[in-house]
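Enquirer: This is data-v6.tsv (TSV, C-alpha atoms).
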```tsv
chain	number	residue	atom	x	y	z
P	1	MET	CA	-5.34	46.98	-32.19
P	2	LEU	CA	-5.58	50.42	-33.67
P	3	VAL	CA	-3.22	50.91	-36.60
P	4	ILE	CA	-2.38	54.44	-37.70
P	5	THR	CA	0.00	55.63	-40.41
P	6	ARG	CA	2.15	58.57	-39.35
P	7	LYS	CA	4.87	60.50	-41.14
P	8	PRO	CA	7.97	61.99	-39.50
P	9	GLU	CA	7.10	64.88	-37.18
P	10	GLN	CA	3.52	63.69	-36.90
P	11	SER	CA	2.30	62.31	-33.61
P	12	ILE	CA	-0.48	60.58	-31.78
P	13	VAL	CA	-1.98	61.55	-28.45
P	14	ILE	CA	-3.04	58.88	-25.97
P	15	GLY	CA	-5.45	59.65	-23.15
P	16	GLY	CA	-4.93	63.38	-23.54
P	17	GLU	CA	-1.64	63.26	-21.63
P	18	VAL	CA	0.74	61.10	-23.58
P	19	GLU	CA	2.09	62.10	-26.96
P	20	VAL	CA	4.17	59.84	-29.18
P	21	ILE	CA	5.99	61.69	-31.93
P	22	VAL	CA	7.69	60.10	-34.93
P	23	LEU	CA	11.05	61.86	-35.01
P	24	GLY	CA	12.56	60.00	-37.90
P	25	ILE	CA	12.65	56.79	-39.87
P	26	THR	CA	15.80	55.02	-40.99
P	27	LYS	CA	16.44	51.58	-42.37
P	28	ASP	CA	17.36	50.44	-38.85
P	29	GLY	CA	14.27	51.64	-37.07
P	30	VAL	CA	11.83	54.31	-36.14
P	31	ARG	CA	12.89	57.04	-33.73
P	32	LEU	CA	10.12	58.04	-31.38
P	33	GLY	CA	9.79	60.88	-28.94
P	34	ILE	CA	7.46	60.45	-26.00
P	35	LYS	CA	5.95	63.27	-24.00
P	36	ALA	CA	4.24	62.04	-20.86
P	37	PRO	CA	3.61	63.19	-17.30
P	38	ARG	CA	6.31	62.14	-14.86
P	39	SER	CA	3.92	59.73	-13.22
P	40	VAL	CA	3.71	57.68	-16.42
P	41	GLN	CA	6.60	55.26	-16.68
P	42	VAL	CA	7.91	54.61	-20.15
P	43	HIS	CA	10.12	51.61	-20.76
P	44	ARG	CA	11.30	49.58	-23.69
P	45	ARG	CA	9.18	46.49	-23.63
P	46	GLU	CA	12.13	44.07	-23.54
P	47	VAL	CA	13.64	45.77	-20.46
P	48	PHE	CA	10.32	45.64	-18.69
P	49	GLU	CA	9.84	41.99	-19.62
P	50	ALA	CA	13.34	41.01	-18.54
P	51	ILE	CA	12.81	42.55	-15.10
P	52	ALA	CA	9.37	40.97	-14.82
P	53	ALA	CA	10.94	37.59	-15.62
P	54	GLU	CA	13.65	38.08	-12.97
P	55	ASN	CA	11.00	39.14	-10.44
P	56	LYS	CA	9.01	36.00	-11.15
P	57	ALA	CA	12.14	33.88	-10.84
P	58	ALA	CA	12.86	35.48	-7.45
P	59	THR	CA	9.59	33.95	-6.18
P	60	GLU	CA	10.29	30.47	-7.52
P	61	THR	CA	13.10	28.82	-5.66
P	62	LYS	CA	13.30	25.06	-5.79
P	63	VAL	CA	16.40	24.63	-3.66
P	64	SER	CA	16.50	24.98	0.09
P	65	ILE	CA	16.73	28.58	1.21
P	66	GLN	CA	18.87	27.45	4.12
P	67	ASP	CA	21.41	25.89	1.76
P	68	ALA	CA	21.46	29.05	-0.35
P	69	ALA	CA	21.90	31.22	2.73
P	70	ALA	CA	24.80	29.04	3.89
P	71	LEU	CA	26.48	29.40	0.49
P	72	PHE	CA	25.91	33.12	0.63
P	73	ARG	CA	27.46	33.38	4.08
P	74	ALA	CA	30.44	31.28	3.04
P	75	ALA	CA	30.97	33.62	0.08
P	76	GLN	CA	30.84	36.67	2.32
P	77	VAL	CA	33.54	35.40	4.67
P	78	ARG	CA	36.01	34.39	1.97
P	79	LYS	CA	38.42	37.12	2.97
P	80	PRO	CA	42.07	36.26	2.64
P	81	HIS	CA	43.69	34.98	5.80
P	82	VAL	CA	46.93	36.68	6.65
P	83	ARG	CA	49.31	34.93	8.99
H	1	MET	CA	19.57	20.71	5.33
H	2	THR	CA	16.02	20.17	4.20
H	3	SER	CA	14.78	18.75	0.95
H	4	GLU	CA	11.54	20.66	1.29
H	5	PRO	CA	11.62	23.90	-0.74
H	6	LEU	CA	11.16	26.85	1.51
H	7	THR	CA	10.31	30.34	0.43
H	8	THR	CA	10.07	31.81	3.89
H	9	PRO	CA	12.52	31.58	6.74
H	10	ASP	CA	12.21	29.26	9.69
H	11	SER	CA	10.78	31.86	11.99
H	12	THR	CA	7.06	31.50	12.39
H	13	PRO	CA	4.77	34.30	11.22
H	14	GLU	CA	3.44	34.63	14.77
H	15	SER	CA	6.82	35.56	16.13
H	16	ASP	CA	7.75	37.95	13.35
H	17	ASP	CA	5.14	39.77	11.35
H	18	GLY	CA	7.81	41.71	9.53
H	19	THR	CA	7.68	45.32	8.47
H	20	PRO	CA	4.57	46.33	6.51
H	21	LEU	CA	5.44	47.99	3.22
H	22	THR	CA	3.32	49.41	0.43
H	23	PHE	CA	4.29	49.37	-3.22
H	24	PRO	CA	1.60	51.59	-4.80
H	25	LYS	CA	2.51	50.40	-8.29
H	26	GLY	CA	3.28	46.82	-7.37
H	27	LEU	CA	6.42	45.20	-8.70
H	28	VAL	CA	7.20	44.89	-12.39
H	29	GLY	CA	5.07	42.05	-13.71
H	30	PHE	CA	3.10	42.02	-10.44
H	31	PRO	CA	1.11	45.26	-10.65
H	32	ASN	CA	-1.65	44.00	-8.38
H	33	LEU	CA	0.54	43.12	-5.41
H	34	ARG	CA	0.82	46.25	-3.31
H	35	ALA	CA	0.86	45.27	0.34
H	36	PHE	CA	3.92	43.40	1.56
H	37	ARG	CA	5.69	42.39	4.71
H	38	LEU	CA	9.46	42.54	4.77
H	39	LEU	CA	10.77	39.65	6.81
H	40	GLU	CA	14.31	40.09	8.03
H	41	PRO	CA	15.52	37.00	9.84
H	42	ALA	CA	17.95	37.16	12.72
H	43	ASP	CA	21.19	39.11	12.62
H	44	GLY	CA	23.68	37.89	10.12
H	45	TYR	CA	21.16	36.05	7.96
H	46	PRO	CA	21.97	37.31	4.48
H	47	LEU	CA	18.57	36.95	2.82
H	48	LYS	CA	15.38	38.88	3.35
H	49	PHE	CA	11.87	38.01	2.19
H	50	LEU	CA	9.30	40.35	0.74
H	51	GLN	CA	6.02	38.52	1.15
H	52	SER	CA	2.77	39.60	-0.43
H	53	VAL	CA	-0.04	40.24	2.02
H	54	GLU	CA	-2.71	39.76	-0.64
H	55	THR	CA	-1.15	36.54	-1.96
H	56	PRO	CA	1.01	35.13	0.85
H	57	GLU	CA	2.36	32.30	-1.31
H	58	VAL	CA	4.21	34.94	-3.31
H	59	SER	CA	7.42	35.84	-1.57
H	60	PHE	CA	10.38	37.53	-3.21
H	61	ILE	CA	13.85	36.70	-1.96
H	62	CYS	CA	15.91	39.86	-1.62
H	63	VAL	CA	19.16	41.12	-0.28
H	64	ASP	CA	20.94	44.28	0.73
H	65	PRO	CA	22.99	44.88	-2.44
H	66	ALA	CA	25.73	46.58	-0.43
H	67	SER	CA	26.65	43.14	0.91
H	68	ILE	CA	27.37	41.99	-2.64
H	69	LYS	CA	28.50	45.07	-4.49
H	70	PRO	CA	29.53	47.79	-2.02
H	71	ASP	CA	29.77	50.48	-4.71
H	72	TYR	CA	26.26	49.88	-6.06
H	73	GLU	CA	24.27	53.09	-6.28
H	74	VAL	CA	20.81	53.59	-7.68
H	75	PRO	CA	20.59	56.69	-9.87
H	76	LEU	CA	17.19	57.98	-8.81
H	77	GLY	CA	15.43	60.15	-11.33
H	78	GLU	CA	13.56	63.24	-10.27
H	79	GLU	CA	10.23	61.50	-10.72
H	80	ASP	CA	11.28	58.56	-8.56
H	81	SER	CA	12.61	60.83	-5.79
H	82	GLU	CA	9.39	62.80	-5.83
H	83	ALA	CA	7.21	59.70	-5.74
H	84	LEU	CA	9.24	58.38	-2.81
H	85	HIS	CA	9.21	61.72	-0.93
H	86	LEU	CA	12.78	61.15	0.15
H	87	GLU	CA	14.16	63.97	2.24
H	88	SER	CA	17.58	62.47	2.72
H	89	PRO	CA	19.47	59.50	1.30
H	90	GLU	CA	19.43	57.86	4.75
H	91	GLU	CA	15.67	57.45	4.44
H	92	ALA	CA	16.07	55.11	1.48
H	93	LEU	CA	16.33	51.38	1.90
H	94	VAL	CA	17.57	49.65	-1.23
H	95	LEU	CA	16.98	45.96	-1.82
H	96	THR	CA	17.62	43.82	-4.86
H	97	LEU	CA	15.83	40.60	-5.74
H	98	VAL	CA	17.66	37.30	-5.67
H	99	VAL	CA	17.19	34.43	-8.08
H	100	ILE	CA	18.37	31.06	-6.82
H	101	PRO	CA	18.53	28.46	-9.59
H	102	ASP	CA	18.72	24.70	-9.01
H	103	ASP	CA	22.47	25.05	-8.63
H	104	ALA	CA	22.38	27.56	-5.79
H	105	ARG	CA	26.03	28.52	-6.39
H	106	GLN	CA	24.81	30.24	-9.56
H	107	MET	CA	22.48	32.58	-7.66
H	108	THR	CA	22.23	36.12	-8.95
H	109	THR	CA	20.74	39.41	-7.94
H	110	ASN	CA	19.01	41.86	-10.24
H	111	LEU	CA	20.80	45.21	-10.14
H	112	ALA	CA	18.62	46.61	-12.96
H	113	GLY	CA	15.40	46.50	-10.96
H	114	PRO	CA	16.15	47.58	-7.38
H	115	LEU	CA	13.45	48.18	-4.81
H	116	VAL	CA	13.78	51.58	-3.22
H	117	ILE	CA	11.80	52.06	-0.03
H	118	ASN	CA	11.27	55.15	2.08
H	119	VAL	CA	11.80	53.77	5.57
H	120	LYS	CA	9.79	56.60	7.15
H	121	THR	CA	6.65	56.26	5.02
H	122	ARG	CA	7.23	52.54	4.30
H	123	ILE	CA	6.34	53.15	0.68
H	124	GLY	CA	8.47	51.64	-2.04
H	125	PHE	CA	8.85	51.43	-5.78
H	126	GLN	CA	10.73	49.13	-8.07
H	127	ILE	CA	13.02	51.27	-10.17
H	128	VAL	CA	13.79	50.20	-13.73
H	129	LEU	CA	17.39	50.97	-14.69
H	130	ASN	CA	19.30	50.65	-17.93
H	131	SER	CA	20.21	46.97	-18.10
H	132	ASP	CA	23.25	47.75	-20.27
H	133	LYS	CA	24.85	49.39	-17.22
H	134	PHE	CA	23.16	47.45	-14.43
H	135	PRO	CA	23.21	43.67	-14.81
H	136	LEU	CA	19.94	41.78	-14.53
H	137	ARG	CA	21.90	38.78	-13.27
H	138	PHE	CA	24.81	39.88	-11.14
H	139	PRO	CA	26.50	36.79	-9.64
H	140	ILE	CA	26.37	36.71	-5.86
H	141	ILE	CA	29.04	34.07	-5.42
H	142	VAL	CA	32.27	34.64	-7.27
H	143	GLN	CA	33.34	31.44	-8.97
H	144	ASN	CA	36.99	30.54	-8.63
```
Using structure tokens, write down the structure from this file.
Expert:
Amino acid sequence: MLVITRKPEQSIVIGGEVEVIVLGITKDGVRLGIKAPRSVQVHRREVFEAIAAENKAATETKVSIQDAAALFRAAQVRKPHVR
Amino acid sequence: MTSEPLTTPDSTPESDDGTPLTFPKGLVGFPNLRAFRLLEPADGYPLKFLQSVETPEVSFICVDPASIKPDYEVPLGEEDSEALHLESPEEALVLTLVVIPDDARQMTTNLAGPLVINVKTRIGFQIVLNSDKFPLRFPIIVQN
């Protein structure tokens, strides 16, 4: 891993297209600005990882899909009956 | 009721090859899976299956989020709209992935990572939304 020391308002350029700028440093964290082409997606790592984990879980179902579908259907028809 | 875990519906692949879809960037955490088939079982069946063509044992369970949360709307950024080449909102198919835990009553759908598909081009992307506003685990079945 490349480790670089930067001061506020200094930046690094990655691949000629992406620039990461140190906007400020406080005791709570570092504030970064990111300039990148629209085609480059920028996400906080934890958000990305949480969605990746949910995606993986959506492929790993141990219970019967039929049972789940039946539960789902039952939930959809639980409209109040008016007499 | 079957004890055998099933990740695809009863219908045989021969009878229903599904709709071919391309996700040029894959799904989050699955960047190499790009070609999929969307299997939509018979009318009224609530779940759909997004099966990888490259790795057929990988199949994502998904659902039309409108059937769970009618007011759900995906705020599409300019970059996403451009990548999808959407000309009108009607061209967008939105699906959310479903996680079914061992206790199926606890099943949830991920509203923070919807799949948005252009039904004309059959190209889709998984959109990453702010998980503070869009729950990663939105309960499908309301517990009484």
Enquirer: Just need the residues of chain P within 6 Å of chain H, counting all atoms listed in the file, so spit them out as a VMD selection string.
Expert: chain P and resid 38 52 57 to 59 61 to 65 68 75
Enquirer: Deliver the residues from the most recent selection as a file, using C-alpha atoms, as a PDB file, keeping the file's coordinate frame.
Expert:
```
ATOM      1  CA  ARG P  38       6.310  62.140 -14.860  1.00  0.00           C
ATOM      2  CA  ALA P  52       9.370  40.970 -14.820  1.00  0.00           C
ATOM      3  CA  ALA P  57      12.140  33.880 -10.840  1.00  0.00           C
ATOM      4  CA  ALA P  58      12.860  35.480  -7.450  1.00  0.00           C
ATOM      5  CA  THR P  59       9.590  33.950  -6.180  1.00  0.00           C
ATOM      6  CA  THR P  61      13.100  28.820  -5.660  1.00  0.00           C
ATOM      7  CA  LYS P  62      13.300  25.060  -5.790  1.00  0.00           C
ATOM      8  CA  VAL P  63      16.400  24.630  -3.660  1.00  0.00           C
ATOM      9  CA  SER P  64      16.500  24.980   0.090  1.00  0.00           C
ATOM     10  CA  ILE P  65      16.730  28.580   1.210  1.00  0.00           C
ATOM     11  CA  ALA P  68      21.460  29.050  -0.350  1.00  0.00           C
ATOM     12  CA  ALA P  75      30.970  33.620   0.080  1.00  0.00           C
TER      13      ALA P  75
END
```
Enquirer: Report, in Å with one decimal, the straight-line distance from atom CA of H:Asn32 to atom CA of P:Glu19.
Expert: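 These atoms are spaced 26.2 Å apart.
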Enquirer: Between atom CA of H:Gly26 and atom CA of H:Gly124, what is the distance in Å, rounded to a tenth?
Expert: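 Atom CA of H:Gly124 lies at a distance of 8.9 Å from atom CA of H:Gly26.
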Enquirer: Hey, what's within 10 Å of P:Ala36 if we count only C-alpha atoms and toss same-chain stuff fewer than 2 positions away? As number ranges by chain, please?
Expert: P: 13-14, 16-20, 33-34, 38-42
Enquirer: Between atom CA of P:Glu9 and atom CA of P:Gly24, measure the distance and give it in Å to one decimal.
Expert: 7.4 Å
Enquirer: From the set H:Gly18, H:Leu33, H:His85, H:Pro65, which residue has the shortest atom-to-atom contact distance to H:Ile123, counting all atoms listed in the file?
Expert: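 Checking each of H:Gly18, H:Leu33, H:His85, H:Pro65 against H:Ile123, counting all atoms listed in the file, the winner is H:His85.
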Enquirer: Closest to H:Ala35 among H:Glu73, H:Glu54, H:Asp64, H:Glu90, using all atoms listed in the file?
Expert: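 Looking at the shortest contact to H:Ala35, the residue is H:Glu54.
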Enquirer: Tell me which residues come within 12 Å of (6.9, 47.9, 0.9), as a PyMOL selection string, counting only C-alpha atoms in the file's coordinates.
Expert: chain H and resi 18-27+33-39+49-53+60+84+92-95+115-126
Enquirer: Export, as a PDB file, in the frame of the given file, the selected residues with C-alpha atoms.
Expert:
```
ATOM      1  CA  GLY H  18       7.810  41.710   9.530  1.00  0.00           C
ATOM      2  CA  THR H  19       7.680  45.320   8.470  1.00  0.00           C
ATOM      3  CA  PRO H  20       4.570  46.330   6.510  1.00  0.00           C
ATOM      4  CA  LEU H  21       5.440  47.990   3.220  1.00  0.00           C
ATOM      5  CA  THR H  22       3.320  49.410   0.430  1.00  0.00           C
ATOM      6  CA  PHE H  23       4.290  49.370  -3.220  1.00  0.00           C
ATOM      7  CA  PRO H  24       1.600  51.590  -4.800  1.00  0.00           C
ATOM      8  CA  LYS H  25       2.510  50.400  -8.290  1.00  0.00           C
ATOM      9  CA  GLY H  26       3.280  46.820  -7.370  1.00  0.00           C
ATOM     10  CA  LEU H  27       6.420  45.200  -8.700  1.00  0.00           C
ATOM     11  CA  LEU H  33       0.540  43.120  -5.410  1.00  0.00           C
ATOM     12  CA  ARG H  34       0.820  46.250  -3.310  1.00  0.00           C
ATOM     13  CA  ALA H  35       0.860  45.270   0.340  1.00  0.00           C
ATOM     14  CA  PHE H  36       3.920  43.400   1.560  1.00  0.00           C
ATOM     15  CA  ARG H  37       5.690  42.390   4.710  1.00  0.00           C
ATOM     16  CA  LEU H  38       9.460  42.540   4.770  1.00  0.00           C
ATOM     17  CA  LEU H  39      10.770  39.650   6.810  1.00  0.00           C
ATOM     18  CA  PHE H  49      11.870  38.010   2.190  1.00  0.00           C
ATOM     19  CA  LEU H  50       9.300  40.350   0.740  1.00  0.00           C
ATOM     20  CA  GLN H  51       6.020  38.520   1.150  1.00  0.00           C
ATOM     21  CA  SER H  52       2.770  39.600  -0.430  1.00  0.00           C
ATOM     22  CA  VAL H  53      -0.040  40.240   2.020  1.00  0.00           C
ATOM     23  CA  PHE H  60      10.380  37.530  -3.210  1.00  0.00           C
ATOM     24  CA  LEU H  84       9.240  58.380  -2.810  1.00  0.00           C
ATOM     25  CA  ALA H  92      16.070  55.110   1.480  1.00  0.00           C
ATOM     26  CA  LEU H  93      16.330  51.380   1.900  1.00  0.00           C
ATOM     27  CA  VAL H  94      17.570  49.650  -1.230  1.00  0.00           C
ATOM     28  CA  LEU H  95      16.980  45.960  -1.820  1.00  0.00           C
ATOM     29  CA  LEU H 115      13.450  48.180  -4.810  1.00  0.00           C
ATOM     30  CA  VAL H 116      13.780  51.580  -3.220  1.00  0.00           C
ATOM     31  CA  ILE H 117      11.800  52.060  -0.030  1.00  0.00           C
ATOM     32  CA  ASN H 118      11.270  55.150   2.080  1.00  0.00           C
ATOM     33  CA  VAL H 119      11.800  53.770   5.570  1.00  0.00           C
ATOM     34  CA  LYS H 120       9.790  56.600   7.150  1.00  0.00           C
ATOM     35  CA  THR H 121       6.650  56.260   5.020  1.00  0.00           C
ATOM     36  CA  ARG H 122       7.230  52.540   4.300  1.00  0.00           C
ATOM     37  CA  ILE H 123       6.340  53.150   0.680  1.00  0.00           C
ATOM     38  CA  GLY H 124       8.470  51.640  -2.040  1.00  0.00           C
ATOM     39  CA  PHE H 125       8.850  51.430  -5.780  1.00  0.00           C
ATOM     40  CA  GLN H 126      10.730  49.130  -8.070  1.00  0.00           C
TER      41      GLN H 126
END
```
